[in-house]
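Visitor: See run33.txt below, with compact mmCIF, C-alpha atoms.
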```
# COMPACT_ATOMS: atom_id res chain seq x y z
CA MET A 1 2.16 -17.51 27.01
CA ALA A 2 1.53 -13.88 26.09
CA ALA A 3 1.89 -12.69 22.51
CA ARG A 4 3.18 -9.28 21.39
CA LYS A 5 2.14 -6.69 18.84
CA LEU A 6 2.89 -3.09 17.92
CA VAL A 7 0.05 -0.63 18.47
CA VAL A 8 -0.08 2.96 17.25
CA ARG A 9 -0.70 5.18 20.27
CA LYS A 10 0.03 8.53 18.63
CA LEU A 11 -0.05 9.78 15.04
CA SER A 12 3.51 10.70 14.13
CA ASN A 13 6.17 10.48 11.38
CA ASP A 14 8.48 9.06 14.04
CA PHE A 15 7.67 5.34 14.16
CA ASP A 16 9.23 4.82 17.61
CA GLU A 17 7.25 7.73 19.00
CA ALA A 18 4.02 6.57 17.34
CA THR A 19 4.08 2.92 18.45
CA GLU A 20 4.13 0.89 21.62
CA LEU A 21 4.87 -2.82 22.09
CA VAL A 22 1.99 -4.44 24.00
CA THR A 23 1.16 -7.99 25.05
CA PHE A 24 -2.12 -9.87 24.65
CA ASP A 25 -3.62 -13.28 25.36
CA PRO A 26 -3.48 -15.38 22.15
CA ALA A 27 -5.84 -18.00 23.60
CA ALA A 28 -8.63 -15.44 23.88
CA ILE A 29 -8.09 -14.41 20.26
CA LEU A 30 -8.24 -18.00 19.03
CA ARG A 31 -11.41 -18.77 21.00
CA ALA A 32 -13.15 -15.85 19.30
CA LEU A 33 -12.03 -16.64 15.74
CA PRO A 34 -14.73 -15.20 13.41
CA PRO A 35 -16.24 -17.16 10.50
CA GLY A 36 -14.24 -16.94 7.29
CA HIS A 37 -11.00 -16.16 9.14
CA VAL A 38 -7.70 -17.85 9.96
CA ALA A 39 -5.03 -17.11 12.55
CA ILE A 40 -1.39 -16.88 11.51
CA ARG A 41 1.59 -17.03 13.86
CA HIS A 42 4.07 -14.88 12.00
CA ARG A 43 7.64 -16.01 11.45
CA TYR A 44 8.62 -12.86 9.54
CA VAL A 45 7.06 -9.46 8.84
CA GLY A 46 7.90 -6.92 6.15
CA ILE A 47 8.99 -3.39 6.98
CA ASN A 48 8.11 -0.71 4.42
CA ALA A 49 8.61 3.03 4.12
CA SER A 50 4.83 3.26 3.91
CA ASP A 51 4.56 2.06 7.50
CA VAL A 52 5.42 5.63 8.50
CA ASN A 53 2.59 6.98 6.36
CA TYR A 54 0.21 4.64 8.13
CA THR A 55 1.38 5.50 11.65
CA ALA A 56 1.08 9.18 10.72
CA GLY A 57 -2.56 8.65 9.75
CA ARG A 58 -2.15 9.52 6.06
CA TYR A 59 -3.58 6.34 4.53
CA ASP A 60 -6.85 6.37 6.44
CA THR A 61 -7.70 9.72 7.98
CA ARG A 62 -10.62 8.13 9.84
CA LEU A 63 -8.29 6.08 12.05
CA ARG A 64 -7.76 7.25 15.58
CA PRO A 65 -5.26 5.65 17.99
CA PRO A 66 -4.96 3.05 19.25
CA PHE A 67 -4.81 0.79 16.18
CA ASP A 68 -2.64 -2.05 14.94
CA CYS A 69 0.00 -1.54 12.23
CA GLY A 70 2.19 -3.41 9.76
CA PHE A 71 1.26 -4.44 6.21
CA GLU A 72 2.68 -7.88 5.49
CA GLY A 73 3.69 -11.08 7.23
CA ILE A 74 4.34 -14.75 6.65
CA GLY A 75 3.98 -17.67 9.02
CA GLU A 76 2.16 -20.78 10.18
CA ILE A 77 -1.61 -21.12 10.18
CA VAL A 78 -2.53 -22.10 13.74
CA ALA A 79 -6.33 -21.85 13.63
CA VAL A 80 -8.98 -22.07 10.92
CA ALA A 81 -12.65 -21.15 11.16
CA SER A 82 -15.01 -24.09 10.59
CA ASP A 83 -16.36 -22.62 7.33
CA VAL A 84 -12.89 -22.22 5.78
CA LYS A 85 -12.12 -25.29 3.69
CA HIS A 86 -9.01 -24.39 1.69
CA PHE A 87 -6.60 -23.93 4.62
CA ARG A 88 -5.48 -26.31 7.32
CA VAL A 89 -3.73 -25.93 10.65
CA GLY A 90 0.00 -26.42 10.17
CA GLY A 91 0.06 -24.95 6.67
CA TYR A 92 1.77 -21.70 5.78
CA GLY A 93 0.49 -18.45 4.39
CA VAL A 94 1.61 -14.98 3.43
CA VAL A 95 -0.72 -12.05 3.99
CA MET A 96 -0.93 -8.37 3.12
CA ALA A 97 -3.28 -6.83 5.67
CA TYR A 98 -3.15 -4.15 8.36
CA GLY A 99 -2.03 -5.44 11.74
CA ALA A 100 0.85 -7.64 10.61
CA PHE A 101 3.27 -6.38 13.28
CA SER A 102 2.00 -9.02 15.67
CA ASP A 103 3.06 -12.48 16.83
CA LEU A 104 -0.46 -13.67 16.00
CA GLN A 105 -2.73 -12.12 13.38
CA VAL A 106 -6.35 -12.97 12.63
CA VAL A 107 -7.28 -12.21 9.01
CA ARG A 108 -9.92 -13.08 6.45
CA ALA A 109 -8.93 -16.29 4.70
CA SER A 110 -9.49 -14.60 1.33
CA LEU A 111 -6.50 -12.33 2.04
CA VAL A 112 -4.07 -15.19 2.68
CA ILE A 113 -1.90 -16.67 -0.07
CA PRO A 114 -0.85 -20.26 0.64
CA VAL A 115 2.88 -20.97 0.37
CA SER A 116 4.97 -24.10 0.73
CA ALA A 117 7.25 -22.70 3.44
CA PRO A 118 7.59 -19.48 5.48
CA ARG A 119 10.52 -18.11 3.48
CA PRO A 120 11.18 -14.41 4.21
CA GLU A 121 11.97 -13.59 0.57
CA PHE A 122 8.31 -14.22 -0.30
CA LEU A 123 7.47 -11.01 1.55
CA ALA A 124 9.25 -8.90 -1.06
CA LEU A 125 6.68 -9.99 -3.64
CA LEU A 126 3.77 -8.37 -1.80
CA VAL A 127 3.92 -4.61 -1.20
CA SER A 128 7.23 -4.00 -2.98
CA GLY A 129 6.78 -6.52 -5.78
CA LEU A 130 3.22 -5.57 -6.64
CA THR A 131 4.04 -1.87 -6.47
CA ALA A 132 6.94 -2.23 -8.92
CA SER A 133 5.11 -4.56 -11.29
CA ILE A 134 1.84 -2.62 -11.51
CA ALA A 135 3.62 0.73 -11.74
CA LEU A 136 5.94 -0.26 -14.57
CA LYS A 137 3.72 -2.58 -16.58
CA GLU A 138 0.29 -1.03 -16.13
CA GLN A 139 0.87 2.64 -15.42
CA GLY A 140 4.23 2.99 -17.15
CA ARG A 141 3.31 0.80 -20.15
CA MET A 142 6.92 -0.42 -20.14
CA THR A 143 8.14 -2.16 -23.28
CA SER A 144 11.73 -2.97 -24.29
CA GLY A 145 14.55 -0.84 -25.63
CA GLU A 146 13.64 2.04 -23.31
CA THR A 147 15.60 3.98 -20.72
CA VAL A 148 14.22 3.56 -17.21
CA LEU A 149 15.30 5.66 -14.21
CA VAL A 150 14.64 4.17 -10.75
CA THR A 151 15.16 6.48 -7.77
CA ALA A 152 15.90 4.95 -4.35
CA ALA A 153 16.81 1.92 -6.43
CA ALA A 154 18.37 0.05 -3.50
CA GLY A 155 15.06 0.04 -1.60
CA GLY A 156 12.52 -2.77 -1.61
CA ALA A 157 10.37 -1.62 -4.53
CA GLY A 158 13.39 -0.09 -6.25
CA GLN A 159 15.36 -3.34 -6.40
CA ILE A 160 12.44 -5.18 -7.95
CA ALA A 161 11.80 -2.33 -10.40
CA VAL A 162 15.43 -2.52 -11.54
CA GLN A 163 15.17 -6.25 -12.17
CA LEU A 164 11.83 -6.03 -13.98
CA ALA A 165 13.12 -3.28 -16.23
CA LYS A 166 16.28 -5.23 -17.06
CA GLN A 167 14.37 -8.44 -17.74
CA ALA A 168 12.20 -6.50 -20.17
CA GLY A 169 15.31 -5.48 -22.13
CA ASN A 170 15.78 -1.89 -21.03
CA HIS A 171 18.66 0.42 -20.11
CA VAL A 172 18.33 1.03 -16.36
CA ILE A 173 19.62 3.96 -14.31
CA GLY A 174 19.46 3.67 -10.52
CA THR A 175 20.04 6.31 -7.85
CA CYS A 176 21.28 5.55 -4.33
CA SER A 177 23.15 7.11 -1.42
CA SER A 178 26.23 4.93 -0.76
CA ASP A 179 28.97 2.92 -2.43
CA ASP A 180 27.66 -0.32 -0.92
CA LYS A 181 24.24 0.30 -2.41
CA ALA A 182 25.83 1.22 -5.73
CA ALA A 183 27.70 -2.08 -5.80
CA ALA A 184 24.50 -4.00 -5.04
CA LEU A 185 22.68 -2.21 -7.84
CA ARG A 186 25.39 -3.08 -10.33
CA GLU A 187 25.02 -6.72 -9.33
CA LEU A 188 21.30 -6.44 -10.01
CA GLY A 189 22.06 -5.21 -13.51
CA CYS A 190 21.89 -1.41 -13.35
CA ASP A 191 23.58 0.02 -16.45
CA ARG A 192 24.28 3.38 -14.78
CA VAL A 193 24.34 3.91 -11.02
CA ILE A 194 24.22 7.44 -9.62
CA ASN A 195 25.38 7.80 -6.02
CA TYR A 196 23.79 11.17 -5.36
CA LYS A 197 26.17 11.76 -2.45
CA LYS A 198 28.97 11.96 -5.02
CA GLU A 199 27.24 12.95 -8.25
CA ASN A 200 24.51 15.42 -9.09
CA VAL A 201 21.56 13.52 -10.56
CA ARG A 202 20.40 16.41 -12.69
CA GLU A 203 23.87 16.96 -14.14
CA VAL A 204 24.33 13.29 -14.98
CA LEU A 205 21.01 13.22 -16.79
CA ARG A 206 21.80 16.47 -18.59
CA LYS A 207 25.19 15.28 -19.81
CA GLU A 208 24.54 11.61 -20.49
CA TYR A 209 20.84 11.44 -21.38
CA ARG A 210 20.18 14.53 -23.45
CA LYS A 211 16.98 13.18 -24.96
CA GLY A 212 15.61 12.22 -21.59
CA VAL A 213 14.53 8.94 -20.06
CA ASP A 214 11.37 7.11 -21.08
CA ILE A 215 10.18 6.02 -17.64
CA VAL A 216 10.89 7.42 -14.19
CA PHE A 217 10.01 5.22 -11.21
CA GLU A 218 10.14 7.86 -8.46
CA SER A 219 9.76 7.40 -4.72
CA VAL A 220 11.90 10.12 -3.11
CA GLY A 221 10.13 13.40 -3.84
CA GLY A 222 11.50 16.88 -3.16
CA GLN A 223 14.53 17.87 -5.21
CA MET A 224 14.86 14.39 -6.68
CA LEU A 225 11.40 14.68 -8.20
CA GLN A 226 12.29 18.06 -9.65
CA ASP A 227 15.49 16.68 -11.17
CA CYS A 228 13.51 13.88 -12.81
CA PHE A 229 11.13 16.37 -14.39
CA ASP A 230 13.63 19.05 -15.36
CA ARG A 231 13.57 20.77 -18.76
CA GLN A 232 15.89 23.52 -20.01
CA VAL A 233 16.62 25.32 -23.24
CA GLU A 234 20.35 25.87 -23.59
CA GLU A 235 22.35 27.74 -26.15
CA ALA A 236 24.42 25.16 -27.97
CA GLN A 237 27.95 25.81 -29.08
CA LEU A 238 27.09 25.56 -32.74
CA ALA A 239 28.16 27.70 -35.66
CA ASN A 240 24.57 28.67 -36.46
CA ASN A 241 23.88 29.57 -32.81
CA ARG A 242 20.85 27.28 -32.60
CA PHE A 243 19.28 26.44 -29.28
CA ASP A 244 19.35 22.94 -27.85
CA THR A 245 16.68 21.58 -25.54
CA TYR A 246 17.55 19.28 -22.65
CA ARG A 247 14.87 17.38 -20.78
CA SER A 248 15.25 14.74 -18.08
CA LEU A 249 11.91 13.17 -19.10
CA ALA A 250 11.73 12.28 -22.78
CA VAL A 251 8.92 13.28 -25.10
CA LYS A 252 6.01 10.93 -24.30
CA GLY A 253 7.93 9.82 -21.22
CA ARG A 254 6.10 8.50 -18.17
CA LEU A 255 6.73 9.80 -14.66
CA ILE A 256 5.42 7.33 -12.05
CA VAL A 257 5.36 8.65 -8.49
CA ILE A 258 4.99 5.83 -5.96
CA GLY A 259 5.95 7.77 -2.84
CA ALA A 260 7.84 10.67 -1.34
CA MET A 261 10.32 9.32 1.20
CA SER A 262 11.92 12.72 1.70
CA ALA A 263 8.66 13.86 3.33
CA TYR A 264 8.10 10.82 5.55
CA SER A 265 10.63 11.74 8.18
CA ASP A 266 13.37 14.29 8.72
CA LYS A 267 15.72 11.35 9.33
CA ASN A 268 15.01 9.71 5.97
CA GLU A 269 17.48 10.47 3.21
CA GLY A 270 15.65 8.57 0.49
CA GLY A 271 18.51 6.39 -0.65
```
Here is a file; write its structure as structure tokens.

Guide:
Amino acid sequence: MAARKLVVRKLSNDFDEATELVTFDPAAILRALPPGHVAIRHRYVGINASDVNYTAGRYDTRLRPPFDCGFEGIGEIVAVASDVKHFRVGGYGVVMAYGAFSDLQVVRASLVIPVSAPRPEFLALLVSGLTASIALKEQGRMTSGETVLVTAAAGGAGQIAVQLAKQAGNHVIGTCSSDDKAAALRELGCDRVINYKKENVREVLRKEYRKGVDIVFESVGGQMLQDCFDRQVEEAQLANNRFDTYRSLAVKGRLIVIGAMSAYSDKNEGG
């Protein structure tokens, strides 16, 4: 029985335009299994905003079509090279490697993480989970008692960033583009949700967070990025006519840019 995979035929921001669904003979792949590799029949694959960057050729400018795509998948191990001792046929693994948008993927065994069952929620811990964790803890040096702003907070990395920031004991602000997303973010623990379709992000920050936020986890780009890095000197309504400074990013604040969804595709609203 033929297997299927998505292949990039043309570099483009439009994923449908860039890719083609093709079939291949899985038996031939299994017969030619290289040393140190395993074959995984995927049950689930993860879809990320970064998939568009890859199909557009931004991640590796040396790539020329055709090439396989997809970053992460989880499924059953159906073949194991003879020199691989820590995996067995019938076990399960989750993998983060190019070419995951395929019924059957052959990968180096060192890239596979063994799991007890092919549960789809495990996928969120790979690209999205690692991005959020490394960005906040390593690059952002997040502690507790801080104010953390997460843009596109209802997305994969955004949802995990919200939860990590709350678990660390921080005040969390999340931006999104709909009431349904806003409700989901409140359930995740967001202290302040900004639906940018109804509220101006810059104005909310100016009015409610005069001293700025300590960490910005930013993945939208464009105007959203500018709003997160805004600074103005305003004349305060004070008797002595002093000037008051407003900044969206606090003194010694950390701005972490993990992407720019507004530039990935004209259809993407970054919410």

Visitor: Write out as a PyMOL selection string each polymer residue whose atoms come within 9 Å of segment 216-227 of chain A, counting only C-alpha atoms; drop sequence neighbours fewer than 2 positions from it.

Guide: chain A and resi 132+135-136+140+147-153+158+161+201-203+205+213-214+229-231+248-249+253-263+269-271

Visitor: When you draw a straight line from atom CA of Leu126 of chain A to atom CA of Glu72 of chain A, how long is it in Å?

Guide: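 Taking atom CA of Leu126 of chain A as the start and atom CA of Glu72 of chain A as the end point, the length is 7.4 Å.
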
Visitor: Enter the distance from atom CA of His37 of chain A to atom CA of Ala109 of chain A, in Å, rounded to one decimal.

Guide: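 Separating atom CA of His37 of chain A from atom CA of Ala109 of chain A is a distance of 4.9 Å.
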
Visitor: Measuring atom to atom with only C-alpha atoms, identify which of A:Cys190, A:Gln139, A:Ala157, A:Gly75 is nearest to Ser50 of chain A.

Guide: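 Counting only C-alpha atoms, the residue closest to Ser50 of chain A is A:Ala157.
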
Visitor: What does the distance from atom CA of Gly90 of chain A to atom CA of Arg119 of chain A come to in Å, to one decimal?

Guide: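 Atom CA of Gly90 of chain A sits 15.0 Å away from atom CA of Arg119 of chain A.
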
Visitor: All heavy atoms for segment 71-82 of chain A, written as a tab-separated table (two decimals), in the frame of the given file, could you do that?

Guide:
```tsv
chain	number	residue	atom	x	y	z
A	71	PHE	N	1.98	-4.11	7.43
A	71	PHE	CA	1.26	-4.44	6.21
A	71	PHE	C	1.37	-5.90	5.78
A	71	PHE	O	0.48	-6.41	5.11
A	71	PHE	CB	1.79	-3.60	5.04
A	71	PHE	CG	1.52	-2.14	5.14
A	71	PHE	CD1	2.40	-1.24	4.61
A	71	PHE	CD2	0.39	-1.67	5.77
A	71	PHE	CE1	2.17	0.13	4.68
A	71	PHE	CE2	0.13	-0.31	5.86
A	71	PHE	CZ	1.03	0.59	5.32
A	72	GLU	N	2.48	-6.56	6.09
A	72	GLU	CA	2.68	-7.88	5.49
A	72	GLU	C	3.43	-8.81	6.44
A	72	GLU	O	4.30	-8.39	7.18
A	72	GLU	CB	3.44	-7.75	4.16
A	72	GLU	CG	4.75	-7.01	4.27
A	72	GLU	CD	5.39	-6.69	2.93
A	72	GLU	OE1	4.83	-7.05	1.88
A	72	GLU	OE2	6.47	-6.07	2.93
A	73	GLY	N	3.05	-10.09	6.39
A	73	GLY	CA	3.69	-11.08	7.23
A	73	GLY	C	3.56	-12.47	6.62
A	73	GLY	O	2.74	-12.71	5.72
A	74	ILE	N	4.37	-13.37	7.11
A	74	ILE	CA	4.34	-14.75	6.65
A	74	ILE	C	4.57	-15.67	7.83
A	74	ILE	O	5.38	-15.37	8.72
A	74	ILE	CB	5.39	-14.99	5.54
A	74	ILE	CG1	5.24	-16.38	4.94
A	74	ILE	CG2	6.81	-14.79	6.08
A	74	ILE	CD1	6.09	-16.60	3.70
A	75	GLY	N	3.81	-16.78	7.89
A	75	GLY	CA	3.98	-17.67	9.02
A	75	GLY	C	3.09	-18.89	8.93
A	75	GLY	O	2.58	-19.25	7.87
A	76	GLU	N	2.90	-19.52	10.09
A	76	GLU	CA	2.16	-20.78	10.18
A	76	GLU	C	0.71	-20.52	10.54
A	76	GLU	O	0.40	-19.72	11.43
A	76	GLU	CB	2.81	-21.68	11.23
A	76	GLU	CG	2.13	-23.02	11.39
A	76	GLU	CD	2.76	-23.85	12.49
A	76	GLU	OE1	3.74	-23.38	13.10
A	76	GLU	OE2	2.25	-24.96	12.76
A	77	ILE	N	-0.19	-21.21	9.87
A	77	ILE	CA	-1.61	-21.12	10.18
A	77	ILE	C	-1.88	-22.00	11.40
A	77	ILE	O	-1.64	-23.21	11.38
A	77	ILE	CB	-2.46	-21.57	8.98
A	77	ILE	CG1	-2.22	-20.62	7.80
A	77	ILE	CG2	-3.95	-21.60	9.34
A	77	ILE	CD1	-2.82	-21.09	6.50
A	78	VAL	N	-2.35	-21.37	12.48
A	78	VAL	CA	-2.53	-22.10	13.74
A	78	VAL	C	-4.00	-22.30	14.11
A	78	VAL	O	-4.30	-23.03	15.07
A	78	VAL	CB	-1.80	-21.38	14.89
A	78	VAL	CG1	-0.29	-21.39	14.64
A	78	VAL	CG2	-2.30	-19.96	15.06
A	79	ALA	N	-4.89	-21.65	13.38
A	79	ALA	CA	-6.33	-21.85	13.63
A	79	ALA	C	-7.09	-21.50	12.37
A	79	ALA	O	-6.72	-20.57	11.64
A	79	ALA	CB	-6.81	-20.99	14.80
A	80	VAL	N	-8.17	-22.26	12.11
A	80	VAL	CA	-8.98	-22.07	10.92
A	80	VAL	C	-10.45	-22.13	11.31
A	80	VAL	O	-10.88	-23.07	12.01
A	80	VAL	CB	-8.68	-23.18	9.86
A	80	VAL	CG1	-9.56	-22.99	8.63
A	80	VAL	CG2	-7.21	-23.17	9.48
A	81	ALA	N	-11.21	-21.14	10.89
A	81	ALA	CA	-12.65	-21.15	11.16
A	81	ALA	C	-13.30	-22.37	10.49
A	81	ALA	O	-12.83	-22.84	9.45
A	81	ALA	CB	-13.30	-19.86	10.68
A	82	SER	N	-14.39	-22.85	11.06
A	82	SER	CA	-15.01	-24.09	10.59
A	82	SER	C	-15.53	-23.98	9.16
A	82	SER	O	-15.65	-25.00	8.46
A	82	SER	CB	-16.16	-24.49	11.52
A	82	SER	OG	-17.14	-23.46	11.57
```
